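**Q** My file is model.pdb. It has PDB, C-alpha atoms:
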MODEL        1
ATOM      1  CA  MET A   1      -0.489  29.452-123.994  1.00  0.00           C
ATOM      2  CA  ASP A   2      -1.805  29.749-120.473  1.00  0.00           C
ATOM      3  CA  ASN A   3       0.826  29.669-117.675  1.00  0.00           C
ATOM      4  CA  GLN A   4      -1.540  28.156-115.090  1.00  0.00           C
ATOM      5  CA  GLN A   5       0.009  25.129-113.302  1.00  0.00           C
ATOM      6  CA  PRO A   6      -1.864  21.870-113.467  1.00  0.00           C
ATOM      7  CA  ASN A   7      -3.756  20.594-110.419  1.00  0.00           C
ATOM      8  CA  GLN A   8      -3.897  24.068-108.781  1.00  0.00           C
ATOM      9  CA  PRO A   9      -7.308  25.191-107.573  1.00  0.00           C
ATOM     10  CA  VAL A  10      -9.011  27.833-109.593  1.00  0.00           C
ATOM     11  CA  PHE A  11     -10.514  30.754-107.624  1.00  0.00           C
ATOM     12  CA  GLY A  12     -13.560  32.307-109.024  1.00  0.00           C
ATOM     13  CA  THR A  13     -16.205  34.695-107.910  1.00  0.00           C
ATOM     14  CA  SER A  14     -18.466  32.073-106.384  1.00  0.00           C
ATOM     15  CA  SER A  15     -16.438  29.517-104.305  1.00  0.00           C
ATOM     16  CA  MET A  16     -13.293  27.543-104.072  1.00  0.00           C
ATOM     17  CA  VAL A  17     -13.308  24.094-105.553  1.00  0.00           C
ATOM     18  CA  GLN A  18     -12.859  21.505-102.682  1.00  0.00           C
ATOM     19  CA  PRO A  19     -11.032  18.305-103.305  1.00  0.00           C
ATOM     20  CA  VAL A  20     -13.176  15.211-103.375  1.00  0.00           C
ATOM     21  CA  TYR A  21     -12.218  12.279-101.194  1.00  0.00           C
ATOM     22  CA  GLY A  22     -13.383   8.833-101.748  1.00  0.00           C
ATOM     23  CA  THR A  23     -12.479   5.524-100.343  1.00  0.00           C
ATOM     24  CA  GLN A  24      -9.167   5.876-102.032  1.00  0.00           C
ATOM     25  CA  GLY A  25      -8.483   9.403-100.852  1.00  0.00           C
ATOM     26  CA  ALA A  26      -8.586  12.649-102.728  1.00  0.00           C
ATOM     27  CA  MET A  27      -8.484  12.318-106.454  1.00  0.00           C
ATOM     28  CA  GLY A  28      -8.371   8.606-106.012  1.00  0.00           C
ATOM     29  CA  GLY A  29      -5.085   8.739-104.065  1.00  0.00           C
ATOM     30  CA  PRO A  30      -4.243   7.010-100.796  1.00  0.00           C
ATOM     31  CA  VAL A  31      -6.262   7.812 -97.609  1.00  0.00           C
ATOM     32  CA  PRO A  32      -4.384  10.302 -95.363  1.00  0.00           C
ATOM     33  CA  THR A  33      -3.611   8.945 -91.899  1.00  0.00           C
ATOM     34  CA  ALA A  34      -2.663  12.107 -89.939  1.00  0.00           C
ATOM     35  CA  ASN A  35      -6.173  12.776 -88.528  1.00  0.00           C
ATOM     36  CA  ILE A  36      -7.311   9.154 -87.932  1.00  0.00           C
ATOM     37  CA  LEU A  37      -7.439   8.062 -84.074  1.00  0.00           C
ATOM     38  CA  PRO A  38      -6.220   4.621 -83.114  1.00  0.00           C
ATOM     39  CA  PRO A  39      -8.942   2.168 -82.212  1.00  0.00           C
ATOM     40  CA  LYS A  40      -9.901   2.183 -78.448  1.00  0.00           C
ATOM     41  CA  LYS A  41      -8.722  -0.762 -76.375  1.00  0.00           C
ATOM     42  CA  PRO A  42     -11.481  -2.729 -74.692  1.00  0.00           C
ATOM     43  CA  ARG A  43     -11.941  -1.642 -70.932  1.00  0.00           C
ATOM     44  CA  ASP A  44     -10.680  -4.151 -68.343  1.00  0.00           C
ATOM     45  CA  GLU A  45     -13.847  -5.040 -66.392  1.00  0.00           C
ATOM     46  CA  LYS A  46     -11.861  -6.703 -63.544  1.00  0.00           C
ATOM     47  CA  LEU A  47     -10.005  -3.507 -62.530  1.00  0.00           C
ATOM     48  CA  PRO A  48     -12.786  -2.032 -60.280  1.00  0.00           C
ATOM     49  CA  TRP A  49     -13.172  -5.406 -58.552  1.00  0.00           C
ATOM     50  CA  ILE A  50      -9.418  -5.602 -57.936  1.00  0.00           C
ATOM     51  CA  ILE A  51      -9.333  -2.039 -56.539  1.00  0.00           C
ATOM     52  CA  GLY A  52     -12.355  -2.755 -54.308  1.00  0.00           C
ATOM     53  CA  THR A  53     -10.764  -5.947 -53.034  1.00  0.00           C
ATOM     54  CA  VAL A  54      -7.491  -4.166 -52.188  1.00  0.00           C
ATOM     55  CA  VAL A  55      -9.342  -1.345 -50.375  1.00  0.00           C
ATOM     56  CA  ALA A  56     -11.467  -3.843 -48.457  1.00  0.00           C
ATOM     57  CA  ALA A  57      -8.357  -5.803 -47.481  1.00  0.00           C
ATOM     58  CA  LEU A  58      -6.628  -2.643 -46.229  1.00  0.00           C
ATOM     59  CA  ILE A  59      -9.680  -1.689 -44.184  1.00  0.00           C
ATOM     60  CA  ALA A  60      -9.879  -5.213 -42.755  1.00  0.00           C
ATOM     61  CA  VAL A  61      -6.182  -5.184 -41.818  1.00  0.00           C
ATOM     62  CA  THR A  62      -6.607  -1.764 -40.186  1.00  0.00           C
ATOM     63  CA  PHE A  63      -9.580  -2.934 -38.140  1.00  0.00           C
ATOM     64  CA  ILE A  64      -7.825  -6.154 -37.143  1.00  0.00           C
ATOM     65  CA  GLY A  65      -4.763  -4.195 -35.999  1.00  0.00           C
ATOM     66  CA  LEU A  66      -6.980  -1.758 -34.110  1.00  0.00           C
ATOM     67  CA  PHE A  67      -8.854  -4.632 -32.491  1.00  0.00           C
ATOM     68  CA  ILE A  68      -5.611  -6.324 -31.433  1.00  0.00           C
ATOM     69  CA  TYR A  69      -4.319  -3.038 -29.957  1.00  0.00           C
ATOM     70  CA  ILE A  70      -7.555  -2.319 -28.070  1.00  0.00           C
ATOM     71  CA  PHE A  71      -7.749  -5.912 -26.843  1.00  0.00           C
ATOM     72  CA  GLY A  72      -4.150  -5.696 -25.643  1.00  0.00           C
ATOM     73  CA  GLN A  73      -4.878  -2.446 -23.818  1.00  0.00           C
ATOM     74  CA  TRP A  74      -8.043  -3.909 -22.303  1.00  0.00           C
ATOM     75  CA  ASN A  75      -6.228  -7.047 -21.239  1.00  0.00           C
ATOM     76  CA  THR A  76      -3.471  -4.962 -19.616  1.00  0.00           C
ATOM     77  CA  VAL A  77      -5.997  -2.839 -17.753  1.00  0.00           C
ATOM     78  CA  LYS A  78      -8.015  -5.924 -16.772  1.00  0.00           C
ATOM     79  CA  THR A  79      -4.886  -7.661 -15.502  1.00  0.00           C
ATOM     80  CA  ASP A  80      -3.924  -4.575 -13.499  1.00  0.00           C
ATOM     81  CA  VAL A  81      -7.438  -4.246 -12.070  1.00  0.00           C
ATOM     82  CA  ASP A  82      -7.537  -7.966 -11.267  1.00  0.00           C
ATOM     83  CA  GLY A  83      -4.183  -7.632  -9.529  1.00  0.00           C
ATOM     84  CA  GLN A  84      -5.406  -4.655  -7.528  1.00  0.00           C
ATOM     85  CA  ILE A  85      -8.574  -6.513  -6.566  1.00  0.00           C
ATOM     86  CA  THR A  86      -6.567  -9.571  -5.534  1.00  0.00           C
ATOM     87  CA  ALA A  87      -4.182  -7.433  -3.483  1.00  0.00           C
ATOM     88  CA  ALA A  88      -7.081  -5.563  -1.880  1.00  0.00           C
ATOM     89  CA  VAL A  89      -8.846  -8.817  -1.016  1.00  0.00           C
ATOM     90  CA  ALA A  90      -5.635 -10.268   0.437  1.00  0.00           C
ATOM     91  CA  THR A  91      -5.086  -7.104   2.489  1.00  0.00           C
ATOM     92  CA  ALA A  92      -8.674  -7.175   3.729  1.00  0.00           C
ATOM     93  CA  VAL A  93      -8.409 -10.859   4.620  1.00  0.00           C
ATOM     94  CA  ASN A  94      -5.130 -10.325   6.462  1.00  0.00           C
ATOM     95  CA  SER A  95      -6.550  -7.314   8.270  1.00  0.00           C
ATOM     96  CA  LYS A  96      -9.656  -9.243   9.262  1.00  0.00           C
ATOM     97  CA  THR A  97      -7.560 -12.217  10.340  1.00  0.00           C
ATOM     98  CA  GLU A  98      -5.360 -10.010  12.504  1.00  0.00           C
ATOM     99  CA  GLU A  99      -8.454  -8.362  13.964  1.00  0.00           C
ATOM    100  CA  LEU A 100     -10.018 -11.730  14.800  1.00  0.00           C
ATOM    101  CA  GLU A 101      -6.752 -12.986  16.298  1.00  0.00           C
ATOM    102  CA  ALA A 102      -6.515  -9.858  18.447  1.00  0.00           C
ATOM    103  CA  GLN A 103     -10.106 -10.321  19.592  1.00  0.00           C
ATOM    104  CA  PHE A 104      -9.398 -13.965  20.382  1.00  0.00           C
ATOM    105  CA  GLU A 105      -6.308 -13.049  22.398  1.00  0.00           C
ATOM    106  CA  GLU A 106      -8.299 -10.458  24.346  1.00  0.00           C
ATOM    107  CA  ARG A 107     -11.041 -12.986  25.104  1.00  0.00           C
ATOM    108  CA  GLU A 108      -8.449 -15.499  26.237  1.00  0.00           C
ATOM    109  CA  LYS A 109      -7.218 -13.013  28.843  1.00  0.00           C
ATOM    110  CA  LEU A 110     -10.619 -13.044  30.510  1.00  0.00           C
ATOM    111  CA  PRO A 111     -11.523 -13.405  33.253  1.00  0.00           C
ATOM    112  CA  TYR A 112      -8.528 -11.551  34.691  1.00  0.00           C
ATOM    113  CA  SER A 113      -6.598 -13.123  37.529  1.00  0.00           C
ATOM    114  CA  LEU A 114      -5.901 -11.311  40.793  1.00  0.00           C
ATOM    115  CA  PHE A 115      -2.366 -10.504  41.833  1.00  0.00           C
ATOM    116  CA  ALA A 116      -1.875 -10.039  45.589  1.00  0.00           C
ATOM    117  CA  GLY A 117       1.306  -8.681  47.142  1.00  0.00           C
ATOM    118  CA  PRO A 118       2.536  -9.138  50.718  1.00  0.00           C
ATOM    119  CA  ALA A 119      -0.115  -8.456  53.328  1.00  0.00           C
ATOM    120  CA  ASP A 120       2.254  -6.459  55.538  1.00  0.00           C
ATOM    121  CA  TYR A 121       3.246  -4.284  52.552  1.00  0.00           C
ATOM    122  CA  GLY A 122      -0.163  -2.690  52.120  1.00  0.00           C
ATOM    123  CA  GLU A 123      -1.793  -5.655  50.356  1.00  0.00           C
ATOM    124  CA  LEU A 124      -0.999  -4.309  46.897  1.00  0.00           C
ATOM    125  CA  SER A 125      -3.240  -6.006  44.313  1.00  0.00           C
ATOM    126  CA  PHE A 126      -4.351  -5.659  40.700  1.00  0.00           C
ATOM    127  CA  ASP A 127      -5.970  -7.626  37.881  1.00  0.00           C
ATOM    128  CA  TYR A 128      -3.852  -9.167  35.115  1.00  0.00           C
ATOM    129  CA  PRO A 129      -4.567 -11.379  32.070  1.00  0.00           C
ATOM    130  CA  LYS A 130      -5.046 -15.027  32.993  1.00  0.00           C
ATOM    131  CA  THR A 131      -2.777 -16.017  30.079  1.00  0.00           C
ATOM    132  CA  TRP A 132       0.179 -14.425  31.890  1.00  0.00           C
ATOM    133  CA  SER A 133       2.541 -16.319  34.168  1.00  0.00           C
ATOM    134  CA  VAL A 134       3.853 -14.970  37.491  1.00  0.00           C
ATOM    135  CA  TYR A 135       7.328 -15.408  38.918  1.00  0.00           C
ATOM    136  CA  GLU A 136       7.959 -14.212  42.477  1.00  0.00           C
ATOM    137  CA  ALA A 137      11.685 -13.501  42.832  1.00  0.00           C
ATOM    138  CA  GLU A 138      11.875 -11.782  46.244  1.00  0.00           C
ATOM    139  CA  ASP A 139       9.322 -12.334  49.002  1.00  0.00           C
ATOM    140  CA  ALA A 140      10.188  -9.347  51.221  1.00  0.00           C
ATOM    141  CA  VAL A 141      11.598 -11.480  53.994  1.00  0.00           C
ATOM    142  CA  ASP A 142      12.714  -9.509  57.085  1.00  0.00           C
ATOM    143  CA  GLY A 143      11.609  -6.183  55.619  1.00  0.00           C
ATOM    144  CA  GLY A 144      13.574  -6.395  52.344  1.00  0.00           C
ATOM    145  CA  ASP A 145      12.512  -5.591  48.792  1.00  0.00           C
ATOM    146  CA  TYR A 146       9.711  -7.464  47.060  1.00  0.00           C
ATOM    147  CA  GLU A 147      10.002  -8.493  43.398  1.00  0.00           C
ATOM    148  CA  ALA A 148       7.619 -10.262  41.046  1.00  0.00           C
ATOM    149  CA  TYR A 149       7.580 -10.604  37.244  1.00  0.00           C
ATOM    150  CA  LEU A 150       4.712 -11.317  34.871  1.00  0.00           C
ATOM    151  CA  ASN A 151       4.737 -12.200  31.181  1.00  0.00           C
ATOM    152  CA  PRO A 152       2.478 -13.929  28.623  1.00  0.00           C
ATOM    153  CA  ASP A 153       2.973 -17.715  28.582  1.00  0.00           C
ATOM    154  CA  LYS A 154       6.212 -17.745  30.584  1.00  0.00           C
ATOM    155  CA  VAL A 155       8.473 -15.343  32.453  1.00  0.00           C
ATOM    156  CA  TYR A 156      11.911 -14.825  30.938  1.00  0.00           C
ATOM    157  CA  PRO A 157      15.022 -14.904  33.155  1.00  0.00           C
ATOM    158  CA  VAL A 158      15.258 -11.591  34.949  1.00  0.00           C
ATOM    159  CA  SER A 159      18.062  -9.463  33.509  1.00  0.00           C
ATOM    160  CA  LYS A 160      18.837  -5.996  32.184  1.00  0.00           C
ATOM    161  CA  SER A 161      18.126  -7.052  28.600  1.00  0.00           C
ATOM    162  CA  ASN A 162      15.237  -9.549  28.782  1.00  0.00           C
ATOM    163  CA  ILE A 163      11.780  -8.083  28.211  1.00  0.00           C
ATOM    164  CA  ASN A 164       8.909  -8.963  30.517  1.00  0.00           C
ATOM    165  CA  ALA A 165       5.410  -7.535  30.377  1.00  0.00           C
ATOM    166  CA  LEU A 166       5.390  -6.380  33.997  1.00  0.00           C
ATOM    167  CA  ARG A 167       7.838  -5.924  36.832  1.00  0.00           C
ATOM    168  CA  VAL A 168       6.421  -5.439  40.329  1.00  0.00           C
ATOM    169  CA  LEU A 169       8.865  -3.906  42.791  1.00  0.00           C
ATOM    170  CA  ILE A 170       8.126  -2.828  46.338  1.00  0.00           C
ATOM    171  CA  LYS A 171      11.276  -1.051  47.445  1.00  0.00           C
ATOM    172  CA  ASN A 172      12.130  -0.679  51.099  1.00  0.00           C
ATOM    173  CA  GLN A 173      12.946   2.987  50.475  1.00  0.00           C
ATOM    174  CA  THR A 174      11.029   6.201  50.930  1.00  0.00           C
ATOM    175  CA  TYR A 175       9.349   7.628  47.854  1.00  0.00           C
ATOM    176  CA  ASP A 176      11.310  10.902  47.929  1.00  0.00           C
ATOM    177  CA  ASN A 177      14.635   9.076  47.945  1.00  0.00           C
ATOM    178  CA  TYR A 178      13.767   6.483  45.316  1.00  0.00           C
ATOM    179  CA  VAL A 179      12.434   8.880  42.618  1.00  0.00           C
ATOM    180  CA  LYS A 180      15.892  10.472  42.541  1.00  0.00           C
ATOM    181  CA  THR A 181      16.887   7.335  40.574  1.00  0.00           C
ATOM    182  CA  TYR A 182      15.098   8.839  37.556  1.00  0.00           C
ATOM    183  CA  ASP A 183      16.279  12.451  37.869  1.00  0.00           C
ATOM    184  CA  ASN A 184      19.356  12.202  35.627  1.00  0.00           C
ATOM    185  CA  SER A 185      17.459  10.346  32.890  1.00  0.00           C
ATOM    186  CA  VAL A 186      14.766  13.020  32.918  1.00  0.00           C
ATOM    187  CA  LYS A 187      17.356  15.823  32.752  1.00  0.00           C
ATOM    188  CA  ASN A 188      19.219  14.324  29.771  1.00  0.00           C
ATOM    189  CA  GLY A 189      16.003  13.594  27.886  1.00  0.00           C
ATOM    190  CA  LYS A 190      16.100   9.808  28.026  1.00  0.00           C
ATOM    191  CA  LEU A 191      12.879   9.818  30.056  1.00  0.00           C
ATOM    192  CA  THR A 192       9.749  11.929  30.032  1.00  0.00           C
ATOM    193  CA  ILE A 193       7.662  12.357  33.171  1.00  0.00           C
ATOM    194  CA  SER A 194       3.899  12.700  33.600  1.00  0.00           C
ATOM    195  CA  VAL A 195       1.379  12.173  36.391  1.00  0.00           C
ATOM    196  CA  ARG A 196      -1.312   9.497  36.487  1.00  0.00           C
ATOM    197  CA  PRO A 197      -3.817   8.726  39.258  1.00  0.00           C
ATOM    198  CA  ILE A 198      -3.482   5.262  40.799  1.00  0.00           C
ATOM    199  CA  ASN A 199      -5.871   4.147  43.538  1.00  0.00           C
ATOM    200  CA  GLY A 200      -6.898   7.758  44.027  1.00  0.00           C
ATOM    201  CA  GLU A 201      -3.314   9.040  44.475  1.00  0.00           C
ATOM    202  CA  ASN A 202      -0.995  10.622  41.918  1.00  0.00           C
ATOM    203  CA  ALA A 203       1.866   8.523  40.626  1.00  0.00           C
ATOM    204  CA  ASN A 204       4.851   9.544  38.518  1.00  0.00           C
ATOM    205  CA  LEU A 205       4.885   7.923  35.094  1.00  0.00           C
ATOM    206  CA  TYR A 206       8.360   7.697  33.510  1.00  0.00           C
ATOM    207  CA  THR A 207       8.483   6.785  29.797  1.00  0.00           C
ATOM    208  CA  GLY A 208      11.548   6.105  27.643  1.00  0.00           C
ATOM    209  CA  GLU A 209      14.884   4.387  28.249  1.00  0.00           C
ATOM    210  CA  LEU A 210      14.447   2.655  31.585  1.00  0.00           C
ATOM    211  CA  PRO A 211      17.250   3.054  34.168  1.00  0.00           C
ATOM    212  CA  GLY A 212      19.052  -0.121  35.176  1.00  0.00           C
ATOM    213  CA  THR A 213      18.354  -1.822  31.802  1.00  0.00           C
ATOM    214  CA  ASP A 214      20.229  -2.275  28.543  1.00  0.00           C
ATOM    215  CA  ASN A 215      18.286   0.394  26.641  1.00  0.00           C
ATOM    216  CA  LEU A 216      14.851  -1.153  27.197  1.00  0.00           C
ATOM    217  CA  GLN A 217      12.134   1.256  26.054  1.00  0.00           C
ATOM    218  CA  GLY A 218       9.097   1.171  28.316  1.00  0.00           C
ATOM    219  CA  THR A 219       7.186   2.868  31.112  1.00  0.00           C
ATOM    220  CA  ALA A 220       7.433   2.786  34.913  1.00  0.00           C
ATOM    221  CA  ALA A 221       4.733   3.966  37.330  1.00  0.00           C
ATOM    222  CA  VAL A 222       6.222   4.987  40.701  1.00  0.00           C
ATOM    223  CA  PHE A 223       4.085   5.788  43.756  1.00  0.00           C
ATOM    224  CA  LYS A 224       4.226   5.853  47.545  1.00  0.00           C
ATOM    225  CA  LEU A 225       2.884   2.994  49.686  1.00  0.00           C
ATOM    226  CA  ARG A 226       3.240   3.762  53.386  1.00  0.00           C
ATOM    227  CA  ASP A 227       6.997   3.984  54.049  1.00  0.00           C
ATOM    228  CA  LYS A 228       7.792   1.999  50.895  1.00  0.00           C
ATOM    229  CA  THR A 229       7.913   2.783  47.157  1.00  0.00           C
ATOM    230  CA  VAL A 230       6.055   0.760  44.522  1.00  0.00           C
ATOM    231  CA  VAL A 231       7.373   0.446  40.954  1.00  0.00           C
ATOM    232  CA  LEU A 232       5.159  -1.112  38.287  1.00  0.00           C
ATOM    233  CA  GLN A 233       7.140  -1.303  35.053  1.00  0.00           C
ATOM    234  CA  THR A 234       6.601  -2.672  31.544  1.00  0.00           C
ATOM    235  CA  ASP A 235       9.714  -3.270  29.434  1.00  0.00           C
ATOM    236  CA  SER A 236       8.174  -2.704  25.995  1.00  0.00           C
ATOM    237  CA  GLU A 237       5.597  -0.589  24.186  1.00  0.00           C
ATOM    238  CA  ILE A 238       3.796  -3.716  22.962  1.00  0.00           C
ATOM    239  CA  PHE A 239       2.364  -4.196  26.452  1.00  0.00           C
ATOM    240  CA  TYR A 240       1.139  -0.627  26.953  1.00  0.00           C
ATOM    241  CA  ASP A 241      -2.576  -1.436  26.573  1.00  0.00           C
ATOM    242  CA  ASP A 242      -2.426  -4.181  29.202  1.00  0.00           C
ATOM    243  CA  PHE A 243      -0.134  -2.082  31.400  1.00  0.00           C
ATOM    244  CA  TYR A 244      -2.569   0.842  31.606  1.00  0.00           C
ATOM    245  CA  LYS A 245      -5.471  -1.522  32.345  1.00  0.00           C
ATOM    246  CA  ILE A 246      -3.423  -2.976  35.190  1.00  0.00           C
ATOM    247  CA  LEU A 247      -2.704   0.509  36.563  1.00  0.00           C
ATOM    248  CA  ASP A 248      -6.417   1.301  36.526  1.00  0.00           C
ATOM    249  CA  SER A 249      -7.108  -1.829  38.594  1.00  0.00           C
ATOM    250  CA  VAL A 250      -4.431  -1.253  41.292  1.00  0.00           C
ATOM    251  CA  ARG A 251      -5.644  -1.344  44.872  1.00  0.00           C
ATOM    252  CA  TYR A 252      -3.742  -1.082  48.156  1.00  0.00           C
ATOM    253  CA  ASN A 253      -4.196  -0.100  51.796  1.00  0.00           C
ATOM    254  CA  GLN A 254      -2.695   3.167  52.927  1.00  0.00           C
TER
ENDMDL
END
Can the structure from this file be put into structure tokens for me?

**A**
Amino acid sequence: MDNQQPNQPVFGTSSMVQPVYGTQGAMGGPVPTANILPPKKPRDEKLPWIIGTVVAALIAVTFIGLFIYIFGQWNTVKTDVDGQITAAVATAVNSKTEELEAQFEEREKLPYSLFAGPADYGELSFDYPKTWSVYEAEDAVDGGDYEAYLNPDKVYPVSKSNINALRVLIKNQTYDNYVKTYDNSVKNGKLTISVRPINGENANLYTGELPGTDNLQGTAAVFKLRDKTVVLQTDSEIFYDDFYKILDSVRYNQ
């Protein structure tokens, strides 16, 4: 008897016998499942639309945020520029207003009034703003000193501390003796000295802390008039422009 096992394939010279599979599997047995893929799930058609919507929303949010940031920056810059423009306009208006007020004040001073000193003291005279008041304190009676004070609107009580625009002094002293009053102040640096022509003659111009006052800062022009000494003094720098115009208009008889 042959020892060949049943159901084993028989190898011959031509080919190997292949098992036959049908609907019931090989040899009518059950269908093997090892090599069969599971059925594909149907593709979700809404997924691309959802992804597109999310991307579009993110882009929109980004652009909105960027717009808000740029608008905020623009608004800040615009506010700053508007503030600068407003400040510049206000400064220009104030500057123009001050300029117009200064021009008005200068026009109001015209025409200048004429100041005339004692006839027997060389007839000292000069032009001064018509808006200034004059107070004559000493009238040079019996050969004494002459004193007059001028100031815008009204003359303040004469003292060491009150400021007036102009002091007019004709001292009954020789020029050489009177200018010694300023020597110490010049030496210690409280006054500076320069020379300025008045009525064709040189006058000493002392500028700084004025002697005989409570630290008033101004300028005094001192010059000789016959056997007397004339002192024209302003008690504050704010009157310098008018003071120098007055000096340029001084006239007297030698």

**Q** Neighbouring residues of region 109-111 of chain A were defined as those with any atom within 12 Å, considering only C-alpha atoms; residues of the same chain fewer than 6 positions away were excluded. Please report them as a VMD selection string.

**A** chain A and resid 102 to 103 127 to 133 152 to 153 242

**Q** Applied to the shown file, which residues does the PyMOL selection byres ((chain A and resi 196-210) around 7) return, written as an mmCIF file with C-alpha atoms, in the coordinates of the input?

**A**
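Contents of result-v4.cif, freshly written:
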data_model
loop_
_atom_site.group_PDB
_atom_site.id
_atom_site.type_symbol
_atom_site.label_atom_id
_atom_site.label_comp_id
_atom_site.auth_asym_id
_atom_site.auth_seq_id
_atom_site.Cartn_x
_atom_site.Cartn_y
_atom_site.Cartn_z
ATOM 1 C CA LYS A 190 16.100 9.808 28.026
ATOM 2 C CA LEU A 191 12.879 9.818 30.056
ATOM 3 C CA THR A 192 9.749 11.929 30.032
ATOM 4 C CA ILE A 193 7.662 12.357 33.171
ATOM 5 C CA SER A 194 3.899 12.700 33.600
ATOM 6 C CA VAL A 195 1.379 12.173 36.391
ATOM 7 C CA PRO A 211 17.250 3.054 34.168
ATOM 8 C CA GLY A 212 19.052 -0.121 35.176
ATOM 9 C CA THR A 213 18.354 -1.822 31.802
ATOM 10 C CA ASN A 215 18.286 0.394 26.641
ATOM 11 C CA LEU A 216 14.851 -1.153 27.197
ATOM 12 C CA GLN A 217 12.134 1.256 26.054
ATOM 13 C CA GLY A 218 9.097 1.171 28.316
ATOM 14 C CA THR A 219 7.186 2.868 31.112
ATOM 15 C CA ALA A 220 7.433 2.786 34.913
ATOM 16 C CA ALA A 221 4.733 3.966 37.330
ATOM 17 C CA VAL A 222 6.222 4.987 40.701
ATOM 18 C CA PHE A 223 4.085 5.788 43.756
ATOM 19 C CA LEU A 247 -2.704 0.509 36.563
ATOM 20 C CA ASP A 248 -6.417 1.301 36.526
ATOM 21 C CA VAL A 250 -4.431 -1.253 41.292
ATOM 22 C CA ARG A 251 -5.644 -1.344 44.872
#

**Q** At what distance in Å, to one decimal, does CA of Glu147 (chain A) lie from CA of Thr229 (chain A)?

**A**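 Between CA of Thr229 (chain A) and CA of Glu147 (chain A) the gap works out to 12.1 Å.
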
**Q** Find the residue from A:Thr97, A:Asn177, A:Ser113, A:Ser236 that sits nearest to Ser161 (chain A); use all atoms listed in the file when measuring.

**A**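 The closest residue to Ser161 (chain A) is A:Ser236.
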
**Q** Within 12 Å of Ala140 (chain A), counting all atoms listed in the file, which residues show up once you throw out same-chain ones fewer than 3 positions away? Write them as a list of chain:residue names, please.

**A**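 The residues that qualify are A:Gly117, A:Pro118, A:Ala119, A:Asp120, A:Tyr121, A:Glu136, A:Ala137, A:Gly143, A:Gly144, A:Asp145, A:Tyr146, A:Glu147, A:Ala148, A:Leu169, A:Ile170, A:Lys171, A:Asn172, A:Lys228.
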
**Q** Could you check how far CA of Asp176 (chain A) sits from CA of Leu225 (chain A), in Å to one decimal?

**A**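 Atom-to-atom, CA of Asp176 (chain A) and CA of Leu225 (chain A) are spaced 11.7 Å apart.
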
**Q** Just the residues within 10 Å of Arg167 (chain A), please, counting all atoms listed in the file, with nothing from its chain fewer than 6 positions along; format it as a list in words.

**A**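 My reading of the contact set: Val134, Tyr135, Glu147, Ala148, Tyr149, Leu150, Asn151, Val158, Ala220, Val231, Leu232, Gln233, Thr234 and Asp235 of chain A.
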
**Q** To one decimal in Å, tell me the separation between CA of Gly189 (chain A) and CA of Ser249 (chain A).

**A** 29.8 Å

**Q** Emit as AutoDock Vina command-line options the padded axis-aligned box for all listed atoms of region 110-125 of chain A, 8 Å per side, with centre and edge lengths in Å to one decimal.

**A**
--center_x -4.1 --center_y -8.0 --center_z 43.0 --size_x 30.8 --size_y 26.7 --size_z 41.0
